[in-house]
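S.K.: Could you have a look at this structure, given as structure tokens, before my questions?
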Amino acid sequence: MYHYSFNRLKKNLKKDFSGLKKIKLALLSDSASQLLAQALRGHGFESQVDFELFEADYNQVDQQVFDPASELYVFRPSFVFINLSSEHLLKDFYRADGKQQSDFGRNRAEKIMTYCQAVQSGLGAKVILNTFVEINDAVYGNYAAKTNKSFIYQVRVCNLMLMEYAQKNKDLYICDLALLQAASGYEHTFDPKMYVNGDMVYSIDFLPVIARHISDIILSVSGVFKKCLIMDLDNTLWGGIIGDDGMEGIELGDLGIGKAFTLLQSWARQLSLRGIILAVCSKNTEAIALEPFEKHPDMVLRREDIAVFAVNWETKVQNIRHIQQVLNIGFDSMVFLDDNPFEREMVKSAIAGITVPDLPEDPADYLPYLRTLNLFETALVTEEDQQRNRQYREEAERNDLQQRFENEGEFLQSLSMQAIVKPFDRFSAPRVAQLSQRSNQFNLRTIRYTEDEINRILSSPEYLTRSFSLSDRIGDHGLISIIILKKLDSARIFIDTWIMSCRVLKRGVEKFVLNEIADMAQGAGYTRLIGEYLPTRKNGIVQDHYKQLGFTLSEGLWELDLTGYNKLETFINYK
Amino acid sequence: MEQQDILLAVNEIFKEVLDNDQIVLSADTTADDIEEWDSLNHIQLVVAIEKHFKQRFTSTEIQQWKNVGEMCAAIQRRLQ
């Protein structure tokens with residue numbers, strides 16, 4: 001399993017955390033959690049996060065959660081990790097009598113849900129729970145799987161109930177310890193001596209794995225996650241070299257080493273179906289490299305699964321930069337797969353932020369290795385995710401089109417853009433929340449809202465909202481911009497949120513949106529618009545946004561007088 | 001393995017786990033002599049020593065170690 005050593009994480013504690021993104025995290029544990037706390041904070045450094053950590057005293061979960069005056073509530077964390085151990089669960093299970101034992105899993109899951117409710121309603125914090133690791137207590141032998149009286153049966157009931165509960169609770173996340181433990185086995189994740197002498201339930205080598213996954217969850221909720229998988233072709237997506245071996249000669253399918261490549265392709269395809277953008281970057285002649293995608297019977301991936309096909313004789317670095325421009329996403333949201341260590345090093349050293357896994361030498365190990373990296377953590381999956389590859393492929397097509405027009409206006413006119421503009425509603429709320437969670441670049445204030453918060457905003461008289469969906473003659477972009485206006489006083493209204501998807505940059509959408517904002521503010525009787533730009537590491541592209549739209553700066557805020565507002569020219573029509 | 005070699009190996013483990021290159025162990029060294037050697041770090045030291053020498057010690061054995069010398073002696077006994 002791939003992870004940092006505990007000792008490395010511990011040494012990180014002495015490093016300089018200043019300048020790192022701060023996130024307040026509370027750790028409530030029913031076992032001794034000092035080492036876990038060290039691992040979490042130390043792993044934060046690896047993930048460039050300064051976890052301000054509150055570690056509750058040993059086994060004080062109930063007291064901390066149910067007492068609104070406890071240290072937990074004083075601390076006001078954004079995330080609460082309630083870390084419950086199977087070892088303590090087992091102790092409680094043995095104390096229960098027969099009837100209680102057969103309801104044990106359900107009752108325990110319900111109790112844990114009351115923790116969640118208390119923390120979420122009292123603090124508005126996001127909760128992370130873990131599934132219980134599976135312990136074979138050897139009381140029933142294999143019969144344990146055939147009776148609800150066994151511990152393992154109750155552990156599994158409890159885990160499944162937590163998973164079901166998490167589906168209905170947007171701000172509850174599950175760190176699946178049972179699954180992580182399954183990868184290396186209880187004997188490697190649990191150290192009997194540490195448990196007996198110190199009530200510590202995770203071995204030194206398992207702590208970094210837990211820390212890694214907690215950190216992945218928190219980062220993905222905070223908008224840091226991978227969006228795109230870029231793949232090399234020869235000896236990465238198929239065995240052999242297409243230019244030399246020809247389409248009949250490459251290895252794919254169910255026989256021999258071909259199977260390893262087919263497995264990798266199937267995985268990539270599943271990722272694409274759940275919203276990861278696929279791109280190809282390879283040194284080859286395009287027409288030759290395309291042939292398997294179009295004709296090879298054992299290819300799982302087809303041309304239409306690939307959003308950007310960068311196949312030529314330029315360097316990989318140049319091609320990845322090209323892919324980045326077409327997709328308009330950060331390098332830190334990209335993963336690059338290549339069998340060649342030399343190419344990998346070149347990409348790693350030239351492109352900061354990109355993730356380049358060191359693929360093992362044997363293709364049979366590719367997929368098992370990649371699975372251990374947890375590359376594609378996500379906090380939310382919506383139906384629109386599944387359209388993403390198509391949208392990006394269409395975008396590549398538009399880029400081609402644009403090159404054929406000399407002036408921008410003509411090009412924009414040729415797109416026949418149409419927008420659907422509506423206040424937020426229950427149906428758009430999940431996608432609005434997702435845009436709020438994920439947009440980093442065209443985001444004026446980077447205030448993140450959850451779906452629940454969006455639902456509160458849309459029904460509050462204090463706010464005016466609009467969502468914008470855009471389509472053109474090549475395809476549908478879906479929801480691409482959101483606006484939240486907040487009433488300040490009778491004359492002034494504040495642009496609380498202005499977010500736009502970078503897929504539709506340079507289309508004049510911002511002008512169209514400002515026209516709509518002006519309309520809606522004037523319609524509600526306001527005369528002045530107030531905007532604010534809060535700089536982050538990623539939103540430099542909107543630094544001059546308000547200035548370019550004619551706002552004037554006064555005391556750190558941007559103002560626009562709406563009296564006599566002249567509509568800006570756009571090439572977008574209302575649908 | 002000679003006791004001196006064991007001591008040297010243990011010394012390296014202490015430096016690494018306690019993140020202090022200045023540590024010089026002798027048979028008489030106790031937890032009182034090294035600031036970082038607290039009960040939490042002790043757990044990691046034992047795990048690291050077990051891993052390095054590929055030996056498991058009993059809880060009773062570990063509790064009886066009064067100084068580094070006894071620790072090394074226990075390692076030597078296991079290795080024979």
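Please note that chains go A, B, ... in the order of the structure tokens, that every chain numbers its residues from 1, and that ligands are numbered from 1 in the order shown.
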Name all residues at most 8 Å from segment 64-74 of chain B (count only C-alpha atoms; drop same-chain ones fewer than 4 positions away) and give them as a CSV table (one decimal) with C-alpha atoms, in the first residue's frame.

M.R.:
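Here's the written file result.csv:
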chain,number,residue,atom,x,y,z
B,3,GLN,CA,25.8,-6.2,22.1
B,6,ILE,CA,22.9,-3.9,18.7
B,7,LEU,CA,23.4,-0.7,20.7
B,10,VAL,CA,19.2,0.9,18.5
B,25,LEU,CA,22.9,6.0,23.9
B,26,SER,CA,24.9,3.9,26.4
B,27,ALA,CA,23.7,0.9,28.4
B,28,ASP,CA,22.8,3.2,31.3
B,29,THR,CA,20.7,5.6,29.3
B,30,THR,CA,17.1,5.8,30.7
B,31,ALA,CA,14.0,7.7,29.6
B,60,THR,CA,6.0,-8.0,30.2
B,78,ARG,CA,15.8,-13.0,21.0

S.K.: Residues of chain B within 8 Å of chain A, counting only C-alpha atoms - could you list those as a list in words?

M.R.: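 Residues passing the distance filter: Glu16, Val17, Asp19, Leu40, Ile43, Gln44, Val47 and Ser59 of chain B.
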
S.K.: Just how far from atom CA of Ser47 of chain A is atom CA of Ile13 of chain B, in Å to one decimal?

M.R.: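 Taking atom CA of Ile13 of chain B as the start and atom CA of Ser47 of chain A as the end point, the length is 26.8 Å.
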
S.K.: Pick out the residues sitting within 8 Å of Asn11 of chain B, and hand them over as a PyMOL selection string; count only C-alpha atoms, and ignore anything fewer than 3 positions along from it in its own chain.

M.R.: chain B and resi 7-8+14-15+23-25

S.K.: If you run DSSP on the backbone, which residues of segment 323-567 of chain A are strand (DSSP E), as a ChimeraX atom specification?

M.R.: /A:334-337,417-422,463-471,476-487,492-500,528-531,552-554,557-561

S.K.: Go ahead and dump the residues you just picked, C-alpha atoms, as a tab-separated table (two decimals), in the first residue's frame.

M.R.:
chain	number	residue	atom	x	y	z
A	334	MET	CA	-4.70	16.40	-13.61
A	335	VAL	CA	-3.22	12.92	-13.41
A	336	PHE	CA	-0.77	11.77	-16.08
A	337	LEU	CA	-0.11	8.08	-16.76
A	417	MET	CA	-25.70	31.06	-27.98
A	418	GLN	CA	-28.86	30.80	-25.92
A	419	ALA	CA	-29.22	31.12	-22.18
A	420	ILE	CA	-31.80	29.86	-19.73
A	421	VAL	CA	-31.94	32.22	-16.76
A	422	LYS	CA	-33.85	31.34	-13.59
A	463	TYR	CA	-31.39	37.19	-1.30
A	464	LEU	CA	-31.94	37.32	-5.06
A	465	THR	CA	-30.50	34.46	-7.06
A	466	ARG	CA	-30.00	33.50	-10.70
A	467	SER	CA	-28.63	30.45	-12.40
A	468	PHE	CA	-27.51	30.57	-16.04
A	469	SER	CA	-27.45	27.61	-18.40
A	470	LEU	CA	-25.92	28.05	-21.82
A	471	SER	CA	-26.23	26.15	-25.07
A	476	ASP	CA	-25.22	22.13	-24.29
A	477	HIS	CA	-22.95	23.46	-21.54
A	478	GLY	CA	-25.49	22.98	-18.78
A	479	LEU	CA	-25.41	25.27	-15.78
A	480	ILE	CA	-22.44	27.63	-16.18
A	481	SER	CA	-22.91	30.62	-13.91
A	482	ILE	CA	-24.55	31.48	-10.60
A	483	ILE	CA	-25.31	34.78	-8.94
A	484	ILE	CA	-26.35	35.44	-5.35
A	485	LEU	CA	-27.29	39.02	-4.45
A	486	LYS	CA	-27.73	40.06	-0.84
A	487	LYS	CA	-29.77	43.02	0.29
A	492	ARG	CA	-27.65	48.96	-2.22
A	493	ILE	CA	-27.46	45.30	-3.06
A	494	PHE	CA	-24.29	43.20	-2.62
A	495	ILE	CA	-22.96	40.63	-5.09
A	496	ASP	CA	-22.36	37.87	-2.57
A	497	THR	CA	-21.50	35.26	-5.19
A	498	TRP	CA	-20.49	35.54	-8.82
A	499	ILE	CA	-19.20	32.29	-10.22
A	500	MET	CA	-18.73	31.21	-13.79
A	528	ARG	CA	-26.38	50.69	-6.48
A	529	LEU	CA	-24.54	47.43	-6.99
A	530	ILE	CA	-21.72	46.54	-4.61
A	531	GLY	CA	-19.13	43.95	-5.63
A	552	THR	CA	-15.43	51.98	-9.40
A	553	LEU	CA	-13.35	51.09	-6.35
A	554	SER	CA	-14.15	52.71	-3.06
A	557	LEU	CA	-15.46	47.49	-2.55
A	558	TRP	CA	-16.53	47.93	-6.16
A	559	GLU	CA	-19.60	50.06	-6.87
A	560	LEU	CA	-21.80	50.51	-9.89
A	561	ASP	CA	-24.49	53.16	-10.09

S.K.: Check chain B with DSSP on the backbone and list each residue it calls alpha helix (DSSP H), as a PDB file with N, CA and C atoms, in the first residue's frame.

M.R.:
ATOM      1  N   GLN B   3      26.601  -7.179  21.390  1.00  0.00           N
ATOM      2  CA  GLN B   3      25.767  -6.177  22.063  1.00  0.00           C
ATOM      3  C   GLN B   3      26.090  -4.757  21.586  1.00  0.00           C
ATOM      4  N   GLN B   4      27.381  -4.542  21.268  1.00  0.00           N
ATOM      5  CA  GLN B   4      27.778  -3.210  20.808  1.00  0.00           C
ATOM      6  C   GLN B   4      27.096  -2.862  19.476  1.00  0.00           C
ATOM      7  N   ASP B   5      27.010  -3.853  18.575  1.00  0.00           N
ATOM      8  CA  ASP B   5      26.353  -3.617  17.284  1.00  0.00           C
ATOM      9  C   ASP B   5      24.867  -3.342  17.484  1.00  0.00           C
ATOM     10  N   ILE B   6      24.301  -4.086  18.426  1.00  0.00           N
ATOM     11  CA  ILE B   6      22.877  -3.874  18.725  1.00  0.00           C
ATOM     12  C   ILE B   6      22.664  -2.457  19.241  1.00  0.00           C
ATOM     13  N   LEU B   7      23.535  -2.037  20.134  1.00  0.00           N
ATOM     14  CA  LEU B   7      23.422  -0.684  20.696  1.00  0.00           C
ATOM     15  C   LEU B   7      23.500   0.371  19.582  1.00  0.00           C
ATOM     16  N   LEU B   8      24.430   0.152  18.658  1.00  0.00           N
ATOM     17  CA  LEU B   8      24.570   1.112  17.549  1.00  0.00           C
ATOM     18  C   LEU B   8      23.293   1.162  16.703  1.00  0.00           C
ATOM     19  N   ALA B   9      22.743  -0.012  16.415  1.00  0.00           N
ATOM     20  CA  ALA B   9      21.512  -0.067  15.610  1.00  0.00           C
ATOM     21  C   ALA B   9      20.363   0.611  16.351  1.00  0.00           C
ATOM     22  N   VAL B  10      20.268   0.321  17.654  1.00  0.00           N
ATOM     23  CA  VAL B  10      19.202   0.929  18.476  1.00  0.00           C
ATOM     24  C   VAL B  10      19.382   2.450  18.511  1.00  0.00           C
ATOM     25  N   ASN B  11      20.635   2.874  18.607  1.00  0.00           N
ATOM     26  CA  ASN B  11      20.920   4.314  18.631  1.00  0.00           C
ATOM     27  C   ASN B  11      20.387   4.993  17.359  1.00  0.00           C
ATOM     28  N   GLU B  12      20.613   4.340  16.215  1.00  0.00           N
ATOM     29  CA  GLU B  12      20.119   4.890  14.946  1.00  0.00           C
ATOM     30  C   GLU B  12      18.592   4.993  14.943  1.00  0.00           C
ATOM     31  N   ILE B  13      17.955   3.956  15.480  1.00  0.00           N
ATOM     32  CA  ILE B  13      16.484   3.956  15.542  1.00  0.00           C
ATOM     33  C   ILE B  13      15.995   5.111  16.428  1.00  0.00           C
ATOM     34  N   PHE B  14      16.656   5.316  17.559  1.00  0.00           N
ATOM     35  CA  PHE B  14      16.278   6.422  18.448  1.00  0.00           C
ATOM     36  C   PHE B  14      16.401   7.764  17.725  1.00  0.00           C
ATOM     37  N   LYS B  15      17.514   7.927  17.009  1.00  0.00           N
ATOM     38  CA  LYS B  15      17.719   9.200  16.296  1.00  0.00           C
ATOM     39  C   LYS B  15      16.589   9.444  15.303  1.00  0.00           C
ATOM     40  N   GLU B  16      16.237   8.392  14.575  1.00  0.00           N
ATOM     41  CA  GLU B  16      15.227   8.515  13.525  1.00  0.00           C
ATOM     42  C   GLU B  16      13.834   8.767  14.124  1.00  0.00           C
ATOM     43  N   VAL B  17      13.466   7.931  15.089  1.00  0.00           N
ATOM     44  CA  VAL B  17      12.106   8.033  15.641  1.00  0.00           C
ATOM     45  C   VAL B  17      11.939   9.321  16.451  1.00  0.00           C
ATOM     46  N   LEU B  18      12.967   9.680  17.219  1.00  0.00           N
ATOM     47  CA  LEU B  18      12.836  10.870  18.066  1.00  0.00           C
ATOM     48  C   LEU B  18      13.265  12.136  17.312  1.00  0.00           C
ATOM     49  N   SER B  39       6.165   8.378  26.860  1.00  0.00           N
ATOM     50  CA  SER B  39       5.476   7.096  26.711  1.00  0.00           C
ATOM     51  C   SER B  39       4.930   6.909  25.284  1.00  0.00           C
ATOM     52  N   LEU B  40       4.545   8.043  24.658  1.00  0.00           N
ATOM     53  CA  LEU B  40       4.015   7.954  23.297  1.00  0.00           C
ATOM     54  C   LEU B  40       5.119   7.543  22.315  1.00  0.00           C
ATOM     55  N   ASN B  41       6.263   8.192  22.465  1.00  0.00           N
ATOM     56  CA  ASN B  41       7.386   7.843  21.595  1.00  0.00           C
ATOM     57  C   ASN B  41       7.916   6.448  21.900  1.00  0.00           C
ATOM     58  N   HIS B  42       7.767   6.031  23.154  1.00  0.00           N
ATOM     59  CA  HIS B  42       8.239   4.697  23.530  1.00  0.00           C
ATOM     60  C   HIS B  42       7.531   3.624  22.686  1.00  0.00           C
ATOM     61  N   ILE B  43       6.242   3.830  22.469  1.00  0.00           N
ATOM     62  CA  ILE B  43       5.481   2.869  21.659  1.00  0.00           C
ATOM     63  C   ILE B  43       6.079   2.768  20.262  1.00  0.00           C
ATOM     64  N   GLN B  44       6.383   3.928  19.689  1.00  0.00           N
ATOM     65  CA  GLN B  44       6.966   3.902  18.344  1.00  0.00           C
ATOM     66  C   GLN B  44       8.360   3.305  18.334  1.00  0.00           C
ATOM     67  N   LEU B  45       9.129   3.570  19.399  1.00  0.00           N
ATOM     68  CA  LEU B  45      10.474   2.984  19.466  1.00  0.00           C
ATOM     69  C   LEU B  45      10.389   1.460  19.452  1.00  0.00           C
ATOM     70  N   VAL B  46       9.466   0.936  20.257  1.00  0.00           N
ATOM     71  CA  VAL B  46       9.334  -0.523  20.333  1.00  0.00           C
ATOM     72  C   VAL B  46       8.926  -1.090  18.964  1.00  0.00           C
ATOM     73  N   VAL B  47       7.959  -0.433  18.325  1.00  0.00           N
ATOM     74  CA  VAL B  47       7.510  -0.914  17.007  1.00  0.00           C
ATOM     75  C   VAL B  47       8.670  -0.875  16.008  1.00  0.00           C
ATOM     76  N   ALA B  48       9.451   0.205  16.054  1.00  0.00           N
ATOM     77  CA  ALA B  48      10.573   0.345  15.111  1.00  0.00           C
ATOM     78  C   ALA B  48      11.655  -0.704  15.389  1.00  0.00           C
ATOM     79  N   ILE B  49      11.916  -0.962  16.673  1.00  0.00           N
ATOM     80  CA  ILE B  49      12.929  -1.963  17.042  1.00  0.00           C
ATOM     81  C   ILE B  49      12.464  -3.355  16.615  1.00  0.00           C
ATOM     82  N   GLU B  50      11.188  -3.646  16.866  1.00  0.00           N
ATOM     83  CA  GLU B  50      10.652  -4.953  16.466  1.00  0.00           C
ATOM     84  C   GLU B  50      10.777  -5.144  14.956  1.00  0.00           C
ATOM     85  N   LYS B  51      10.481  -4.080  14.227  1.00  0.00           N
ATOM     86  CA  LYS B  51      10.535  -4.165  12.766  1.00  0.00           C
ATOM     87  C   LYS B  51      11.979  -4.368  12.299  1.00  0.00           C
ATOM     88  N   HIS B  52      12.884  -3.590  12.873  1.00  0.00           N
ATOM     89  CA  HIS B  52      14.284  -3.650  12.456  1.00  0.00           C
ATOM     90  C   HIS B  52      14.901  -5.036  12.704  1.00  0.00           C
ATOM     91  N   PHE B  53      14.663  -5.570  13.899  1.00  0.00           N
ATOM     92  CA  PHE B  53      15.292  -6.856  14.246  1.00  0.00           C
ATOM     93  C   PHE B  53      14.403  -8.055  13.893  1.00  0.00           C
ATOM     94  N   SER B  59       4.739  -7.968  26.186  1.00  0.00           N
ATOM     95  CA  SER B  59       4.455  -6.740  26.933  1.00  0.00           C
ATOM     96  C   SER B  59       5.229  -6.732  28.246  1.00  0.00           C
ATOM     97  N   THR B  60       5.326  -7.897  28.894  1.00  0.00           N
ATOM     98  CA  THR B  60       6.031  -7.985  30.172  1.00  0.00           C
ATOM     99  C   THR B  60       7.509  -7.655  29.981  1.00  0.00           C
ATOM    100  N   GLU B  61       8.098  -8.216  28.954  1.00  0.00           N
ATOM    101  CA  GLU B  61       9.502  -7.920  28.656  1.00  0.00           C
ATOM    102  C   GLU B  61       9.721  -6.410  28.555  1.00  0.00           C
ATOM    103  N   ILE B  62       8.864  -5.793  27.765  1.00  0.00           N
ATOM    104  CA  ILE B  62       9.028  -4.363  27.492  1.00  0.00           C
ATOM    105  C   ILE B  62       8.918  -3.539  28.769  1.00  0.00           C
ATOM    106  N   GLN B  63       7.952  -3.939  29.603  1.00  0.00           N
ATOM    107  CA  GLN B  63       7.772  -3.179  30.845  1.00  0.00           C
ATOM    108  C   GLN B  63       8.959  -3.308  31.789  1.00  0.00           C
ATOM    109  N   GLN B  64       9.703  -4.407  31.645  1.00  0.00           N
ATOM    110  CA  GLN B  64      10.829  -4.616  32.557  1.00  0.00           C
ATOM    111  C   GLN B  64      12.080  -3.850  32.160  1.00  0.00           C
ATOM    112  N   VAL B  68      18.553   1.316  28.458  1.00  0.00           N
ATOM    113  CA  VAL B  68      18.866   0.865  27.099  1.00  0.00           C
ATOM    114  C   VAL B  68      19.611  -0.476  27.125  1.00  0.00           C
ATOM    115  N   GLY B  69      20.436  -0.664  28.146  1.00  0.00           N
ATOM    116  CA  GLY B  69      21.210  -1.908  28.261  1.00  0.00           C
ATOM    117  C   GLY B  69      20.292  -3.120  28.331  1.00  0.00           C
ATOM    118  N   GLU B  70      19.245  -3.020  29.132  1.00  0.00           N
ATOM    119  CA  GLU B  70      18.314  -4.151  29.267  1.00  0.00           C
ATOM    120  C   GLU B  70      17.544  -4.377  27.969  1.00  0.00           C
ATOM    121  N   MET B  71      17.267  -3.289  27.301  1.00  0.00           N
ATOM    122  CA  MET B  71      16.589  -3.369  26.001  1.00  0.00           C
ATOM    123  C   MET B  71      17.473  -4.156  25.020  1.00  0.00           C
ATOM    124  N   CYS B  72      18.749  -3.789  24.963  1.00  0.00           N
ATOM    125  CA  CYS B  72      19.677  -4.441  24.028  1.00  0.00           C
ATOM    126  C   CYS B  72      19.887  -5.910  24.414  1.00  0.00           C
ATOM    127  N   ALA B  73      19.938  -6.171  25.714  1.00  0.00           N
ATOM    128  CA  ALA B  73      20.123  -7.553  26.164  1.00  0.00           C
ATOM    129  C   ALA B  73      18.938  -8.412  25.723  1.00  0.00           C
ATOM    130  N   ALA B  74      17.744  -7.849  25.841  1.00  0.00           N
ATOM    131  CA  ALA B  74      16.541  -8.587  25.433  1.00  0.00           C
ATOM    132  C   ALA B  74      16.578  -8.870  23.926  1.00  0.00           C
ATOM    133  N   ILE B  75      17.028  -7.872  23.165  1.00  0.00           N
ATOM    134  CA  ILE B  75      17.128  -8.063  21.711  1.00  0.00           C
ATOM    135  C   ILE B  75      18.118  -9.196  21.424  1.00  0.00           C
ATOM    136  N   GLN B  76      19.265  -9.157  22.125  1.00  0.00           N
ATOM    137  CA  GLN B  76      20.302 -10.170  21.894  1.00  0.00           C
ATOM    138  C   GLN B  76      19.783 -11.580  22.213  1.00  0.00           C
ATOM    139  N   ARG B  77      19.053 -11.701  23.322  1.00  0.00           N
ATOM    140  CA  ARG B  77      18.496 -13.011  23.690  1.00  0.00           C
ATOM    141  C   ARG B  77      17.572 -13.540  22.593  1.00  0.00           C
ATOM    142  N   ARG B  78      16.736 -12.634  22.055  1.00  0.00           N
ATOM    143  CA  ARG B  78      15.797 -13.048  21.008  1.00  0.00           C
ATOM    144  C   ARG B  78      16.526 -13.484  19.739  1.00  0.00           C
ATOM    145  N   LEU B  79      17.627 -12.795  19.465  1.00  0.00           N
ATOM    146  CA  LEU B  79      18.330 -13.067  18.207  1.00  0.00           C
ATOM    147  C   LEU B  79      19.089 -14.393  18.242  1.00  0.00           C
TER     148      LEU B  79
END

S.K.: Leaving out Ile572 of chain A and any residue of its chain fewer than 3 positions from it, which residues lie within 10 Å of it when counting only C-alpha atoms, given as a ChimeraX atom specification?

M.R.: /A:412-413,415-419,470-472,507-509,511-512,569,575

S.K.: For those residues, write C-alpha atoms to a file as a JSON list (two decimals), in the first residue's frame.

M.R.:
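Printed below is selection_0.json as written:
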[["chain", "number", "residue", "atom", "x", "y", "z"],
["A", 412, "LEU", "CA", -19.50, 34.42, -31.12],
["A", 413, "GLN", "CA", -22.34, 35.29, -33.47],
["A", 415, "LEU", "CA", -22.25, 30.03, -32.15],
["A", 416, "SER", "CA", -25.92, 31.11, -31.77],
["A", 417, "MET", "CA", -25.70, 31.06, -27.98],
["A", 418, "GLN", "CA", -28.86, 30.80, -25.92],
["A", 419, "ALA", "CA", -29.22, 31.12, -22.18],
["A", 470, "LEU", "CA", -25.92, 28.05, -21.82],
["A", 471, "SER", "CA", -26.23, 26.15, -25.07],
["A", 472, "ASP", "CA", -24.98, 26.84, -28.55],
["A", 507, "ARG", "CA", -18.04, 34.30, -24.71],
["A", 508, "GLY", "CA", -19.24, 37.56, -23.22],
["A", 509, "VAL", "CA", -21.19, 35.63, -20.59],
["A", 511, "LYS", "CA", -21.62, 40.97, -19.77],
["A", 512, "PHE", "CA", -24.84, 39.05, -20.24],
["A", 569, "GLU", "CA", -23.52, 44.26, -25.96],
["A", 575, "LYS", "CA", -34.19, 31.01, -24.49]]

S.K.: If we count only C-alpha atoms, what is near segment 451-457 of chain A at a cut-off of 7 Å, once residues fewer than 6 positions away on the same chain are taken out, given as a count of residues only?

M.R.: 5

S.K.: Do a neighbour search on Val80 of chain A at 12 Å with only C-alpha atoms, toss out local chain neighbours closer than 5 positions, and write the hits as a PyMOL selection string.

M.R.: chain A and resi 23-29+51-56+61+64-65+72-73+75+115-120+122-130+171-174+214+217-218

S.K.: Point out the residue among A:Gly240, A:Val133, A:Met231, A:Asn389 with the least atom-to-atom distance to Ser184 of chain A, counting only C-alpha atoms.

M.R.: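 Using only C-alpha atoms, the shortest distance to Ser184 of chain A belongs to A:Val133.
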
S.K.: Can you work out which one of A:Ser272, A:Asn407, A:Gln548, A:Ser33 has the shortest atom-to-atom distance to Glu384 of chain A, counting only C-alpha atoms?

M.R.: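 Of A:Ser272, A:Asn407, A:Gln548, A:Ser33, the one nearest Glu384 of chain A, counting only C-alpha atoms, is A:Ser272.
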
S.K.: Measure the distance from atom CA of Lys146 of chain A to atom CA of Gln101 of chain A in Å and round it to one decimal.

M.R.: 14.7 Å

S.K.: Name the residues in contact with Lys506 of chain A at a cut-off of 10 Å, using only C-alpha atoms, excluding same-chain residues fewer than 4 positions from it; report them as a list of chain:residue names.

M.R.: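 What passes the distance filter is A:Glu408, A:Leu412, A:Cys502, A:Glu510.
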
S.K.: Write the residues of the selection above to a file with N, CA and C atoms, as a PDB file, in the first residue's frame.

M.R.:
ATOM      1  N   GLU A 408     -13.611  38.169 -33.287  1.00  0.00           N
ATOM      2  CA  GLU A 408     -14.238  37.449 -32.203  1.00  0.00           C
ATOM      3  C   GLU A 408     -15.754  37.531 -32.269  1.00  0.00           C
ATOM      4  N   LEU A 412     -18.475  34.552 -32.158  1.00  0.00           N
ATOM      5  CA  LEU A 412     -19.500  34.423 -31.119  1.00  0.00           C
ATOM      6  C   LEU A 412     -20.889  34.403 -31.746  1.00  0.00           C
ATOM      7  N   CYS A 502     -15.260  27.992 -16.137  1.00  0.00           N
ATOM      8  CA  CYS A 502     -14.240  28.439 -17.084  1.00  0.00           C
ATOM      9  C   CYS A 502     -14.413  27.834 -18.465  1.00  0.00           C
ATOM     10  N   GLU A 510     -20.075  37.137 -19.010  1.00  0.00           N
ATOM     11  CA  GLU A 510     -20.089  38.043 -17.859  1.00  0.00           C
ATOM     12  C   GLU A 510     -20.885  39.317 -18.156  1.00  0.00           C
TER      13      GLU A 510
END
